[in-house]
>>> print(open('data07.txt').read())   # compact mmCIF, C-alpha atoms and all ligand atoms
# COMPACT_ATOMS: atom_id res chain seq x y z
CA MET A 1 -23.54 -12.50 -19.08
CA GLU A 2 -20.82 -10.50 -20.79
CA LYS A 3 -20.34 -6.97 -19.57
CA PRO A 4 -21.87 -4.29 -21.82
CA ALA A 5 -19.36 -1.85 -23.38
CA THR A 6 -18.39 0.98 -21.04
CA ASP A 7 -18.29 4.20 -23.07
CA ARG A 8 -16.34 6.26 -20.56
CA ILE A 9 -13.06 4.43 -21.15
CA ASN A 10 -10.41 6.85 -22.36
CA GLU A 11 -8.15 4.81 -24.61
CA LYS A 12 -5.82 7.76 -25.08
CA GLU A 13 -4.85 7.91 -21.46
CA ALA A 14 -3.07 4.86 -20.09
CA VAL A 15 -2.83 4.95 -16.28
CA ILE A 16 -0.66 1.82 -16.19
CA VAL A 17 1.85 0.99 -18.92
CA ILE A 18 3.82 -2.26 -18.64
CA ARG A 19 6.51 -3.09 -21.21
CA ASN A 20 8.57 -6.23 -21.60
CA VAL A 21 8.65 -7.09 -17.91
CA TYR A 22 10.62 -10.10 -16.71
CA LYS A 23 10.73 -11.53 -13.20
CA SER A 24 12.39 -14.72 -11.97
CA PHE A 25 12.94 -16.25 -8.57
CA GLY A 26 16.10 -18.31 -9.02
CA ASN A 27 15.32 -20.78 -11.79
CA ASN A 28 11.61 -20.07 -11.60
CA HIS A 29 11.04 -17.75 -14.58
CA VAL A 30 7.64 -16.38 -13.64
CA LEU A 31 7.11 -13.36 -15.92
CA ARG A 32 8.74 -13.57 -19.36
CA GLY A 33 7.97 -10.45 -21.36
CA ILE A 34 4.77 -8.90 -20.05
CA ASP A 35 3.07 -6.02 -21.93
CA LEU A 36 -0.13 -4.49 -20.64
CA ASP A 37 -1.93 -1.13 -20.74
CA LEU A 38 -4.70 -0.06 -18.40
CA TYR A 39 -6.72 2.86 -19.75
CA ARG A 40 -8.49 5.39 -17.59
CA GLY A 41 -11.95 4.18 -16.61
CA GLU A 42 -11.33 0.60 -17.69
CA ASN A 43 -11.54 -2.76 -15.90
CA VAL A 44 -8.90 -5.18 -17.16
CA VAL A 45 -9.05 -8.76 -15.96
CA VAL A 46 -5.83 -10.75 -15.74
CA LEU A 47 -6.77 -14.40 -16.04
CA GLY A 48 -4.50 -17.31 -15.36
CA ARG A 49 -4.16 -20.52 -13.43
CA SER A 50 -2.83 -20.56 -9.94
CA GLY A 51 0.95 -20.02 -9.79
CA THR A 52 1.24 -18.21 -13.13
CA GLY A 53 2.49 -14.94 -11.61
CA LYS A 54 -0.69 -12.88 -11.29
CA SER A 55 0.05 -11.75 -7.73
CA VAL A 56 3.69 -11.14 -8.61
CA LEU A 57 2.54 -8.80 -11.36
CA ILE A 58 0.27 -6.84 -9.00
CA LYS A 59 3.13 -6.61 -6.47
CA ILE A 60 5.42 -5.19 -9.15
CA ILE A 61 2.76 -2.64 -10.13
CA SER A 62 2.45 -1.52 -6.52
CA GLY A 63 6.21 -1.49 -5.85
CA LEU A 64 6.20 -4.38 -3.37
CA LEU A 65 8.51 -6.32 -5.71
CA LYS A 66 10.94 -5.10 -8.36
CA GLN A 67 11.02 -6.54 -11.86
CA ASP A 68 14.33 -7.89 -13.22
CA SER A 69 13.93 -5.92 -16.47
CA GLY A 70 11.36 -3.96 -18.43
CA THR A 71 9.36 -0.90 -17.38
CA VAL A 72 6.26 -0.35 -15.27
CA LYS A 73 4.70 3.11 -15.31
CA VAL A 74 1.83 3.91 -12.97
CA LEU A 75 0.17 7.32 -13.36
CA GLY A 76 3.17 8.43 -15.39
CA GLN A 77 5.83 7.34 -12.89
CA GLU A 78 8.29 4.48 -13.21
CA VAL A 79 7.56 2.54 -10.05
CA ASP A 80 10.99 0.94 -9.57
CA ARG A 81 12.70 4.35 -9.69
CA LEU A 82 10.71 5.96 -6.90
CA ASN A 83 12.16 6.58 -3.46
CA ASP A 84 10.22 5.47 -0.37
CA ARG A 85 8.39 8.76 0.05
CA GLN A 86 7.38 8.93 -3.62
CA LEU A 87 6.27 5.31 -3.52
CA GLN A 88 4.13 5.99 -0.47
CA GLU A 89 2.51 8.92 -2.24
CA LEU A 90 1.80 6.82 -5.31
CA ARG A 91 0.36 4.01 -3.20
CA LEU A 92 -2.24 6.40 -1.79
CA LYS A 93 -3.65 6.60 -5.31
CA LEU A 94 -3.88 2.81 -5.53
CA GLY A 95 -6.60 0.83 -3.80
CA PHE A 96 -5.74 -2.74 -2.86
CA SER A 97 -8.23 -5.51 -2.39
CA PHE A 98 -5.95 -8.43 -1.60
CA GLN A 99 -6.63 -11.93 -0.35
CA SER A 100 -4.89 -10.95 2.86
CA SER A 101 -6.45 -7.52 3.42
CA ALA A 102 -8.39 -8.50 6.51
CA LEU A 103 -10.35 -6.15 8.74
CA TYR A 104 -9.28 -5.37 12.30
CA ASP A 105 -11.37 -7.74 14.41
CA SER A 106 -11.27 -5.58 17.51
CA MET A 107 -12.72 -2.51 15.74
CA THR A 108 -16.27 -1.84 14.59
CA VAL A 109 -16.97 -1.44 10.89
CA ARG A 110 -17.05 2.32 11.39
CA GLU A 111 -13.67 2.31 13.13
CA ASN A 112 -12.18 0.09 10.42
CA LEU A 113 -13.15 2.75 7.89
CA GLU A 114 -12.17 5.73 10.02
CA PHE A 115 -8.69 4.37 10.74
CA PRO A 116 -7.08 4.64 7.26
CA LEU A 117 -8.84 7.93 6.59
CA VAL A 118 -7.69 9.86 9.66
CA ARG A 119 -4.21 8.38 9.40
CA ASN A 120 -3.78 9.63 5.83
CA GLN A 121 -5.86 12.82 5.82
CA LYS A 122 -5.23 14.63 9.05
CA HIS A 123 -6.99 17.88 8.16
CA LEU A 124 -10.53 16.44 7.91
CA SER A 125 -13.28 17.68 10.21
CA ARG A 126 -15.40 15.29 12.29
CA LYS A 127 -18.28 15.78 9.85
CA GLU A 128 -16.14 15.16 6.78
CA VAL A 129 -14.95 11.89 8.29
CA GLU A 130 -18.50 10.76 9.10
CA ASP A 131 -19.73 11.75 5.63
CA ALA A 132 -16.92 9.82 3.97
CA ILE A 133 -17.68 6.73 6.08
CA ASP A 134 -21.39 6.91 5.23
CA ARG A 135 -20.68 7.43 1.54
CA VAL A 136 -18.52 4.31 1.16
CA LEU A 137 -20.86 2.22 3.32
CA ASP A 138 -23.73 3.32 1.10
CA ALA A 139 -21.72 2.47 -2.00
CA VAL A 140 -21.13 -1.10 -0.83
CA GLY A 141 -24.72 -1.40 0.43
CA LEU A 142 -23.85 -1.98 4.08
CA ILE A 143 -24.75 1.20 5.93
CA GLN A 144 -26.70 -0.91 8.44
CA THR A 145 -23.52 -2.65 9.61
CA LYS A 146 -21.78 0.57 10.69
CA HIS A 147 -21.66 -0.26 14.39
CA GLN A 148 -21.20 -4.01 14.05
CA MET A 149 -18.02 -6.01 14.61
CA PRO A 150 -16.40 -7.84 11.65
CA SER A 151 -17.10 -11.19 13.36
CA GLU A 152 -20.84 -10.50 13.04
CA LEU A 153 -20.61 -10.18 9.24
CA SER A 154 -20.70 -12.82 6.50
CA GLY A 155 -17.63 -13.47 4.35
CA GLY A 156 -19.14 -11.49 1.48
CA GLN A 157 -19.98 -8.57 3.76
CA ARG A 158 -16.43 -8.50 5.14
CA LYS A 159 -15.11 -8.46 1.59
CA ARG A 160 -17.37 -5.49 0.78
CA ILE A 161 -16.26 -3.61 3.90
CA GLY A 162 -12.67 -4.28 2.84
CA ILE A 163 -13.44 -2.66 -0.51
CA ALA A 164 -15.16 0.27 1.27
CA ARG A 165 -12.05 0.76 3.39
CA THR A 166 -9.99 1.02 0.23
CA LEU A 167 -12.45 3.39 -1.45
CA ILE A 168 -12.48 5.81 1.44
CA LEU A 169 -9.07 7.11 0.31
CA ARG A 170 -10.52 7.78 -3.17
CA PRO A 171 -7.99 5.77 -5.19
CA GLU A 172 -7.60 6.36 -8.91
CA ILE A 173 -6.67 2.76 -9.59
CA MET A 174 -8.07 -0.35 -7.93
CA LEU A 175 -6.09 -3.60 -7.79
CA TYR A 176 -8.23 -6.60 -6.95
CA ASP A 177 -6.39 -9.86 -6.27
CA GLU A 178 -8.80 -12.81 -6.49
CA PRO A 179 -11.83 -10.83 -5.32
CA THR A 180 -14.19 -13.80 -5.49
CA ALA A 181 -11.90 -16.51 -4.13
CA GLY A 182 -13.56 -18.65 -1.49
CA LEU A 183 -17.01 -17.06 -1.89
CA ASP A 184 -20.22 -18.90 -2.78
CA PRO A 185 -21.70 -18.27 -6.28
CA ILE A 186 -24.37 -15.78 -5.12
CA THR A 187 -21.82 -13.76 -3.16
CA CYS A 188 -19.50 -13.85 -6.18
CA ILE A 189 -22.22 -12.20 -8.26
CA GLU A 190 -22.63 -9.51 -5.59
CA ILE A 191 -18.89 -8.81 -5.60
CA ASN A 192 -18.81 -8.70 -9.42
CA ASN A 193 -21.64 -6.17 -9.37
CA LEU A 194 -19.86 -4.15 -6.74
CA ILE A 195 -16.64 -4.05 -8.80
CA ASN A 196 -18.65 -2.60 -11.70
CA LYS A 197 -20.44 -0.16 -9.42
CA VAL A 198 -17.12 1.05 -8.02
CA GLN A 199 -15.87 1.61 -11.58
CA GLU A 200 -18.94 3.74 -12.38
CA GLU A 201 -19.39 5.63 -9.15
CA PHE A 202 -15.77 6.21 -8.11
CA LYS A 203 -14.45 6.53 -11.69
CA THR A 204 -11.67 4.06 -10.98
CA SER A 205 -9.51 2.15 -13.42
CA SER A 206 -8.99 -1.43 -12.24
CA ILE A 207 -6.92 -4.52 -12.65
CA ILE A 208 -8.82 -7.58 -11.51
CA ILE A 209 -6.81 -10.73 -11.04
CA THR A 210 -8.73 -13.95 -11.05
CA HIS A 211 -9.05 -17.49 -12.30
CA ASP A 212 -12.84 -17.20 -12.05
CA LEU A 213 -14.27 -16.97 -15.57
CA THR A 214 -17.68 -15.80 -14.38
CA CYS A 215 -16.00 -12.89 -12.63
CA ALA A 216 -13.87 -12.17 -15.72
CA LYS A 217 -16.89 -12.10 -17.98
CA ALA A 218 -18.98 -9.95 -15.66
CA THR A 219 -16.38 -7.33 -14.75
CA GLY A 220 -13.83 -7.17 -17.55
CA ASP A 221 -14.01 -4.54 -20.28
CA ARG A 222 -10.94 -6.40 -21.47
CA VAL A 223 -9.41 -9.71 -20.52
CA ALA A 224 -5.72 -10.63 -20.70
CA MET A 225 -4.85 -14.29 -20.54
CA LEU A 226 -1.59 -15.07 -18.73
CA LEU A 227 0.11 -18.32 -19.61
CA ASP A 228 3.73 -19.43 -19.29
CA GLY A 229 4.84 -15.96 -18.23
CA LYS A 230 3.22 -14.03 -21.10
CA PHE A 231 -0.11 -12.63 -22.14
CA ILE A 232 -1.01 -15.00 -24.92
CA LYS A 233 -4.23 -13.14 -25.77
CA GLN A 234 -5.94 -9.84 -24.89
CA GLY A 235 -9.38 -8.58 -25.90
CA THR A 236 -13.02 -8.71 -24.83
CA PHE A 237 -14.04 -11.92 -23.07
CA ASP A 238 -15.60 -13.28 -26.27
CA GLU A 239 -12.63 -12.30 -28.41
CA VAL A 240 -10.31 -14.18 -26.09
CA PHE A 241 -12.43 -17.28 -25.71
CA ASN A 242 -13.60 -17.57 -29.30
CA SER A 243 -9.99 -18.38 -29.99
CA ASN A 244 -9.21 -21.78 -31.42
CA GLU A 245 -6.00 -22.00 -29.50
CA GLU A 246 -5.85 -25.26 -27.57
CA ARG A 247 -4.40 -23.71 -24.41
CA ILE A 248 -7.25 -21.19 -24.20
CA LYS A 249 -9.93 -23.76 -24.95
CA SER A 250 -8.63 -26.07 -22.26
CA PHE A 251 -8.54 -23.25 -19.70
CA TYR A 252 -12.16 -22.45 -20.58
CA ASN A 253 -13.42 -26.00 -20.48
CA TYR A 254 -11.64 -26.71 -17.25
CA ASN A 255 -12.87 -23.63 -15.44
CA PHE A 256 -16.20 -22.45 -16.69
CA ILE A 257 -19.30 -23.38 -14.81
CA GLU A 258 -22.14 -20.98 -15.55
N1 LIG A 301 8.66 -13.65 -2.98
C1 LIG A 301 8.78 -14.78 -3.70
N2 LIG A 301 9.92 -15.51 -3.65
C2 LIG A 301 10.05 -16.63 -4.40
N3 LIG A 301 9.11 -17.10 -5.24
C3 LIG A 301 7.97 -16.41 -5.34
C4 LIG A 301 7.73 -15.22 -4.58
N4 LIG A 301 6.51 -14.75 -4.88
C5 LIG A 301 6.00 -15.61 -5.79
N5 LIG A 301 6.86 -16.62 -6.07
C6 LIG A 301 6.63 -17.68 -7.05
O1 LIG A 301 6.17 -17.11 -8.26
C7 LIG A 301 5.19 -17.92 -8.87
C8 LIG A 301 3.94 -17.12 -9.14
O2 LIG A 301 3.33 -16.78 -7.91
P1 LIG A 301 2.01 -15.91 -7.81
O3 LIG A 301 2.18 -14.64 -8.55
O4 LIG A 301 1.68 -15.80 -6.36
O5 LIG A 301 0.93 -16.83 -8.56
P2 LIG A 301 -0.63 -16.54 -8.80
O6 LIG A 301 -0.82 -16.44 -10.27
O7 LIG A 301 -1.33 -17.76 -8.26
O8 LIG A 301 -0.99 -15.30 -8.07
C9 LIG A 301 4.99 -19.12 -7.96
O9 LIG A 301 5.75 -20.19 -8.47
C10 LIG A 301 5.52 -18.65 -6.63
O10 LIG A 301 6.02 -19.71 -5.88
MG MG A 302 -2.24 -14.94 -6.46
>>> encode(input="data07.txt", output="structure tokens", more="lines below")
Ligand SMILES: Nc1ncnc2c1ncn2[C@@H]1O[C@H](COP(=O)(O)OP(=O)(O)O)[C@@H](O)[C@H]1O
Ligand SMILES: [Mg+2]
Amino acid sequence: MEKPATDRINEKEAVIVIRNVYKSFGNNHVLRGIDLDLYRGENVVVLGRSGTGKSVLIKIISGLLKQDSGTVKVLGQEVDRLNDRQLQELRLKLGFSFQSSALYDSMTVRENLEFPLVRNQKHLSRKEVEDAIDRVLDAVGLIQTKHQMPSELSGGQRKRIGIARTLILRPEIMLYDEPTAGLDPITCIEINNLINKVQEEFKTSSIIITHDLTCAKATGDRVAMLLDGKFIKQGTFDEVFNSNEERIKSFYNYNFIE
């Protein structure tokens, strides 16, 4: 099912502005002129086959990698011009849900959530910390797991706790890298629903990177199709895939199982 239009998107306010970005590794020319805007309140899905530079793009946005040329502005700041302290401050406004963002196995769910919060917000009272933990656990529908260990949870539950751990710092922008990778179809639907719930409840703007068309259709207010280092098409899911372009049709036919 395609996502219904979200009316809260503010198309006047771009929280991420990417212009003419290039990035190569030696002779591997990964990004070749990338333009993308993310508007406040919006979910943009970046779709592309494996190895097309989706993770590289998210790393450039978050300042983990520097582009070779072009500009990347996040919340009004040019990321590659920030010093370490400024970059750290900016990163607190970004929530990452990466393939590698694993939970600490030796801590309970509660402790996994408490850890980033008390490290970054030292002035909070005991009660404020507990309230924040309960709020994000409620949001991801897992309040009952509060005192469990990560090893006792399913893969989908761990993913949701990972998202809760990100939300506890109240990010303005969420960056999801392959949020449904390796999950079964039912769990994928749960994660897609959670991504939309996070957008509504936490008023986040998000970039969702995936090659999963079901996820793209369910979560994307807009979809941008990355191919050969460029966005060859941007628009709603239907606008992109009603295209007659051969490269888009073949991506669709190859990937889509509904
Ligand atoms: N730090 C790096 N050094 C060299 N090559 C890299 C580095 N990071 C990514 N690449 C290369 O860039 C290309 C795109 O990678 P990536 O963004 O991870 O793809 P994906 O779209 O699957 O996320 C790949 O060819 C990968 O090998
Ligand atoms: Mg990747």
>>> atom_distance(input="data07.txt", atom1="atom O4 of ligand LIG 301 (chain A)", atom2="atom CA of A:Gly51")
5.5 Å
>>> closest_atom_pairs(input="data07.txt", of="chain A", to="ligand MG 302 (chain A)", cutoff="12 Å", atoms="all atoms listed in the file", output="Markdown table")
| residue | atom | partner | partner_atom | distance |
| --- | --- | --- | --- | --- |
| A:Val46 | CA | A:MG302 | MG | 10.8 |
| A:Leu47 | CA | A:MG302 | MG | 10.6 |
| A:Gly48 | CA | A:MG302 | MG | 9.5 |
| A:Arg49 | CA | A:MG302 | MG | 9.1 |
| A:Ser50 | CA | A:MG302 | MG | 6.6 |
| A:Gly51 | CA | A:MG302 | MG | 6.9 |
| A:Thr52 | CA | A:MG302 | MG | 8.2 |
| A:Gly53 | CA | A:MG302 | MG | 7.0 |
| A:Lys54 | CA | A:MG302 | MG | 5.5 |
| A:Ser55 | CA | A:MG302 | MG | 4.1 |
| A:Val56 | CA | A:MG302 | MG | 7.4 |
| A:Leu57 | CA | A:MG302 | MG | 9.2 |
| A:Ile58 | CA | A:MG302 | MG | 8.9 |
| A:Lys59 | CA | A:MG302 | MG | 9.9 |
| A:Ser97 | CA | A:MG302 | MG | 11.9 |
| A:Phe98 | CA | A:MG302 | MG | 8.9 |
| A:Gln99 | CA | A:MG302 | MG | 8.1 |
| A:Ser100 | CA | A:MG302 | MG | 10.5 |
| A:Tyr176 | CA | A:MG302 | MG | 10.3 |
| A:Asp177 | CA | A:MG302 | MG | 6.6 |
| A:Glu178 | CA | A:MG302 | MG | 6.9 |
| A:Pro179 | CA | A:MG302 | MG | 10.5 |
| A:Ala181 | CA | A:MG302 | MG | 10.1 |
| A:Ile208 | CA | A:MG302 | MG | 11.1 |
| A:Ile209 | CA | A:MG302 | MG | 7.7 |
| A:Thr210 | CA | A:MG302 | MG | 8.0 |
| A:His211 | CA | A:MG302 | MG | 9.3 |
>>> atom_distance(input="data07.txt", atom1="atom CA of A:Leu137", atom2="atom CA of A:Leu103")
14.5 Å
>>> residues_around(input="data07.txt", residues="A:Ile195", least_positions_apart="3", cutoff="10 Å", atoms="only C-alpha atoms", output="ChimeraX atom specification")
/A:43,140,160,163,174,176,179,189-192,198-200,204,206,208,215,218-220
>>> residues_near_point(input="data07.txt", point="(-19.4, 1.6, 12.8)", cutoff="6 Å", atoms="all atoms listed in the file", output="PyMOL selection string")
chain A and resi 108-111+146-147
>>> write_last_selection(input="data07.txt", atoms="C-alpha atoms", output="PDB file, in the coordinates of the input")
ATOM      1  CA  THR A 108     -16.270  -1.840  14.590  1.00  0.00           C
ATOM      2  CA  VAL A 109     -16.970  -1.440  10.890  1.00  0.00           C
ATOM      3  CA  ARG A 110     -17.050   2.320  11.390  1.00  0.00           C
ATOM      4  CA  GLU A 111     -13.670   2.310  13.130  1.00  0.00           C
ATOM      5  CA  LYS A 146     -21.780   0.570  10.690  1.00  0.00           C
ATOM      6  CA  HIS A 147     -21.660  -0.260  14.390  1.00  0.00           C
TER       7      HIS A 147
END
>>> atom_distance(input="data07.txt", atom1="atom CA of A:Pro4", atom2="atom CA of A:Ile16")
22.8 Å
>>> residues_around(input="data07.txt", residues="stretch 113-130 of chain A", least_positions_apart="4", cutoff="7 Å", atoms="only C-alpha atoms", output="list in words")
Val109, Asp134, Arg165, Ile168 and Leu169 of chain A
>>> closest_residue(input="data07.txt", among="A:Lys230, A:Arg40, A:Lys197, A:Arg158", to="ligand LIG 301 (chain A)", atoms="all atoms listed in the file")
A:Lys230
>>> closest_residue(input="data07.txt", among="A:Glu78, A:Asp105, A:Asp228, A:Asp37", to="ligand LIG 301 (chain A)", atoms="only C-alpha atoms and all ligand atoms")
A:Asp228
>>> closest_residue(input="data07.txt", among="A:Ile161, A:Val240, A:Leu227, A:Ala139", to="ligand LIG 301 (chain A)", atoms="all atoms listed in the file")
A:Leu227
>>> residues_around(input="data07.txt", residues="A:Leu90", least_positions_apart="2", cutoff="9 Å", atoms="all atoms listed in the file", output="ChimeraX atom specification")
/A:62,74-75,77,79,85-88,92-94
>>> closest_residue(input="data07.txt", among="A:Asn28, A:Ser151, A:Asn83, A:Ser205", to="ligand LIG 301 (chain A)", atoms="only C-alpha atoms and all ligand atoms")
A:Asn28
>>> closest_residue(input="data07.txt", among="A:Thr166, A:Met225, A:Glu2, A:Leu183", to="ligand LIG 301 (chain A)", atoms="all atoms listed in the file")
A:Met225
>>> closest_residue(input="data07.txt", among="A:Lys203, A:Arg32, A:Arg19, A:Lys3", to="ligand LIG 301 (chain A)", atoms="all atoms listed in the file")
A:Arg32
>>> build_atoms(input="data07.txt", residues="stretch 152-162 of chain A", atoms="all heavy atoms", output="compact mmCIF listing (two decimals), in the frame of the given file")
# COMPACT_ATOMS: atom_id res chain seq x y z
N GLU A 152 -19.38 -10.36 13.21
CA GLU A 152 -20.84 -10.50 13.04
C GLU A 152 -21.24 -10.50 11.57
O GLU A 152 -22.41 -10.67 11.25
CB GLU A 152 -21.56 -9.35 13.74
CG GLU A 152 -21.33 -9.30 15.25
CD GLU A 152 -21.94 -8.03 15.85
OE1 GLU A 152 -23.13 -8.07 16.21
OE2 GLU A 152 -21.23 -7.01 15.92
N LEU A 153 -20.29 -10.28 10.67
CA LEU A 153 -20.61 -10.18 9.24
C LEU A 153 -20.33 -11.48 8.51
O LEU A 153 -19.50 -12.29 8.93
CB LEU A 153 -19.77 -9.07 8.59
CG LEU A 153 -19.82 -7.68 9.25
CD1 LEU A 153 -18.89 -6.74 8.49
CD2 LEU A 153 -21.24 -7.14 9.28
N SER A 154 -21.00 -11.66 7.36
CA SER A 154 -20.70 -12.82 6.50
C SER A 154 -19.40 -12.56 5.74
O SER A 154 -18.91 -11.42 5.69
CB SER A 154 -21.84 -13.01 5.50
OG SER A 154 -21.84 -11.95 4.56
N GLY A 155 -18.86 -13.61 5.12
CA GLY A 155 -17.63 -13.47 4.35
C GLY A 155 -17.76 -12.43 3.24
O GLY A 155 -16.86 -11.62 3.01
N GLY A 156 -18.90 -12.45 2.56
CA GLY A 156 -19.14 -11.49 1.48
C GLY A 156 -19.23 -10.07 2.00
O GLY A 156 -18.71 -9.13 1.38
N GLN A 157 -19.87 -9.91 3.16
CA GLN A 157 -19.98 -8.57 3.76
C GLN A 157 -18.61 -8.05 4.17
O GLN A 157 -18.29 -6.88 3.96
CB GLN A 157 -20.92 -8.60 4.97
CG GLN A 157 -22.39 -8.75 4.59
CD GLN A 157 -23.28 -8.86 5.81
OE1 GLN A 157 -22.93 -9.48 6.81
NE2 GLN A 157 -24.46 -8.25 5.72
N ARG A 158 -17.79 -8.93 4.75
CA ARG A 158 -16.43 -8.50 5.14
C ARG A 158 -15.63 -8.06 3.92
O ARG A 158 -14.90 -7.08 3.94
CB ARG A 158 -15.71 -9.63 5.88
CG ARG A 158 -16.13 -9.74 7.33
CD ARG A 158 -15.09 -10.49 8.16
NE ARG A 158 -15.01 -11.89 7.76
CZ ARG A 158 -15.77 -12.86 8.25
NH1 ARG A 158 -16.67 -12.58 9.19
NH2 ARG A 158 -15.66 -14.10 7.84
N LYS A 159 -15.79 -8.82 2.84
CA LYS A 159 -15.11 -8.46 1.59
C LYS A 159 -15.54 -7.06 1.13
O LYS A 159 -14.72 -6.23 0.71
CB LYS A 159 -15.49 -9.50 0.53
CG LYS A 159 -14.65 -9.47 -0.69
CD LYS A 159 -13.62 -10.56 -0.63
CE LYS A 159 -12.40 -10.16 -1.41
NZ LYS A 159 -11.32 -11.11 -1.24
N ARG A 160 -16.85 -6.80 1.22
CA ARG A 160 -17.37 -5.49 0.78
C ARG A 160 -16.89 -4.36 1.68
O ARG A 160 -16.57 -3.27 1.21
CB ARG A 160 -18.90 -5.52 0.72
CG ARG A 160 -19.38 -6.17 -0.57
CD ARG A 160 -20.67 -6.92 -0.40
NE ARG A 160 -21.81 -6.04 -0.24
CZ ARG A 160 -23.03 -6.46 0.09
NH1 ARG A 160 -23.24 -7.74 0.30
NH2 ARG A 160 -24.02 -5.61 0.19
N ILE A 161 -16.80 -4.64 2.99
CA ILE A 161 -16.26 -3.61 3.90
C ILE A 161 -14.78 -3.37 3.58
O ILE A 161 -14.30 -2.23 3.60
CB ILE A 161 -16.45 -4.02 5.38
CG1 ILE A 161 -17.94 -4.13 5.74
CG2 ILE A 161 -15.74 -3.02 6.31
CD1 ILE A 161 -18.74 -2.85 5.61
N GLY A 162 -14.07 -4.44 3.24
CA GLY A 162 -12.67 -4.28 2.84
C GLY A 162 -12.54 -3.37 1.62
O GLY A 162 -11.65 -2.52 1.55
